[in-house]
Amino acid sequence: VKAIREAEVLMGAGDLAPRQIERDSETPVRRSIAAAHELQAGAVVGPNDIIWIRPGEGYAPGREMEVLGRTLGKSVSAGDLFSPADFAG
């Protein structure tokens, strides 16, 4: 019985949630969608206008459709992370 209990401890709880130390580093290691080059207000964002950079404080990879095809309400510089405030309407 003792060996079974030791094996249960070694197997862990079985949950797949990230540990606290992993959560602390999530933002710095994740990527965000950013401007590949300077874009002027009124420009429509296309596939060649985006890159993925760290840190992950903006739109995450996989959310490109929330950026592509949208019209900028203000100019952005190369490397700027896109945010909802960047878009017109």
# chains A, B, ... in the order shown; residues from 1 in each chain; ligands from 1
$ select_by_dssp --residues "segment 4-89 of chain A" --states "strand (DSSP E or B)" --output "number ranges by chain"
A: 32-35, 39, 44, 50-53, 71-72, 76, 81, 87
$ write_last_selection --atoms "N, CA and C atoms" --output "PDB file, in the first residue's frame"
ATOM      1  N   SER A  32       2.913  38.765 -30.319  1.00  0.00           N
ATOM      2  CA  SER A  32       1.758  39.587 -30.674  1.00  0.00           C
ATOM      3  C   SER A  32       1.874  39.998 -32.129  1.00  0.00           C
ATOM      4  N   ILE A  33       0.733  40.354 -32.709  1.00  0.00           N
ATOM      5  CA  ILE A  33       0.708  40.832 -34.086  1.00  0.00           C
ATOM      6  C   ILE A  33       1.094  42.305 -34.080  1.00  0.00           C
ATOM      7  N   ALA A  34       2.076  42.658 -34.910  1.00  0.00           N
ATOM      8  CA  ALA A  34       2.598  44.019 -34.964  1.00  0.00           C
ATOM      9  C   ALA A  34       2.724  44.473 -36.414  1.00  0.00           C
ATOM     10  N   ALA A  35       2.933  45.769 -36.581  1.00  0.00           N
ATOM     11  CA  ALA A  35       3.120  46.344 -37.912  1.00  0.00           C
ATOM     12  C   ALA A  35       4.499  45.961 -38.452  1.00  0.00           C
ATOM     13  N   LEU A  39       2.761  52.334 -41.289  1.00  0.00           N
ATOM     14  CA  LEU A  39       1.479  52.361 -41.992  1.00  0.00           C
ATOM     15  C   LEU A  39       0.775  53.667 -41.650  1.00  0.00           C
ATOM     16  N   VAL A  44      -5.378  50.030 -45.290  1.00  0.00           N
ATOM     17  CA  VAL A  44      -6.050  48.765 -44.988  1.00  0.00           C
ATOM     18  C   VAL A  44      -4.949  47.739 -44.735  1.00  0.00           C
ATOM     19  N   ILE A  50       1.904  42.685 -41.529  1.00  0.00           N
ATOM     20  CA  ILE A  50       1.972  42.202 -40.147  1.00  0.00           C
ATOM     21  C   ILE A  50       3.172  41.294 -39.923  1.00  0.00           C
ATOM     22  N   ILE A  51       3.648  41.322 -38.683  1.00  0.00           N
ATOM     23  CA  ILE A  51       4.688  40.412 -38.199  1.00  0.00           C
ATOM     24  C   ILE A  51       4.280  39.970 -36.797  1.00  0.00           C
ATOM     25  N   TRP A  52       4.971  39.014 -36.253  1.00  0.00           N
ATOM     26  CA  TRP A  52       4.695  38.519 -34.906  1.00  0.00           C
ATOM     27  C   TRP A  52       5.937  38.743 -34.071  1.00  0.00           C
ATOM     28  N   ILE A  53       5.799  39.521 -33.003  1.00  0.00           N
ATOM     29  CA  ILE A  53       6.939  39.840 -32.144  1.00  0.00           C
ATOM     30  C   ILE A  53       6.578  39.646 -30.676  1.00  0.00           C
ATOM     31  N   THR A  71      -9.220  48.970 -41.508  1.00  0.00           N
ATOM     32  CA  THR A  71      -8.676  50.276 -41.846  1.00  0.00           C
ATOM     33  C   THR A  71      -8.136  50.953 -40.587  1.00  0.00           C
ATOM     34  N   LEU A  72      -6.916  51.460 -40.704  1.00  0.00           N
ATOM     35  CA  LEU A  72      -6.298  52.139 -39.571  1.00  0.00           C
ATOM     36  C   LEU A  72      -6.904  53.520 -39.379  1.00  0.00           C
ATOM     37  N   VAL A  76       0.699  54.014 -37.617  1.00  0.00           N
ATOM     38  CA  VAL A  76       1.481  53.169 -36.712  1.00  0.00           C
ATOM     39  C   VAL A  76       2.890  53.020 -37.267  1.00  0.00           C
ATOM     40  N   LEU A  81       2.678  47.193 -31.739  1.00  0.00           N
ATOM     41  CA  LEU A  81       1.659  46.167 -31.566  1.00  0.00           C
ATOM     42  C   LEU A  81       0.306  46.760 -31.929  1.00  0.00           C
ATOM     43  N   PHE A  87      -7.727  51.124 -34.978  1.00  0.00           N
ATOM     44  CA  PHE A  87      -8.594  50.961 -36.136  1.00  0.00           C
ATOM     45  C   PHE A  87      -9.741  51.944 -36.153  1.00  0.00           C
TER      46      PHE A  87
END
$ residues_around --residues "Leu68 of chain A" --least-positions-apart "5" --cutoff "8 Å" --atoms "only C-alpha atoms" --output "PDB file with N, CA and C atoms, in the first residue's frame"
ATOM      1  N   VAL A  44      -5.378  50.030 -45.290  1.00  0.00           N
ATOM      2  CA  VAL A  44      -6.050  48.765 -44.988  1.00  0.00           C
ATOM      3  C   VAL A  44      -4.949  47.739 -44.735  1.00  0.00           C
ATOM      4  N   VAL A  45      -4.981  47.093 -43.577  1.00  0.00           N
ATOM      5  CA  VAL A  45      -3.922  46.159 -43.184  1.00  0.00           C
ATOM      6  C   VAL A  45      -4.039  44.872 -43.990  1.00  0.00           C
ATOM      7  N   GLY A  46      -2.942  44.508 -44.654  1.00  0.00           N
ATOM      8  CA  GLY A  46      -2.879  43.289 -45.453  1.00  0.00           C
ATOM      9  C   GLY A  46      -1.867  42.305 -44.895  1.00  0.00           C
ATOM     10  N   PRO A  47      -1.766  41.120 -45.496  1.00  0.00           N
ATOM     11  CA  PRO A  47      -0.851  40.080 -45.000  1.00  0.00           C
ATOM     12  C   PRO A  47       0.616  40.509 -44.944  1.00  0.00           C
TER      13      PRO A  47
END
$ closest_residue --among "A:Arg54, A:Asp49, A:Lys2, A:Ser75" --to "Ala88 of chain A" --atoms "only C-alpha atoms"
A:Ser75
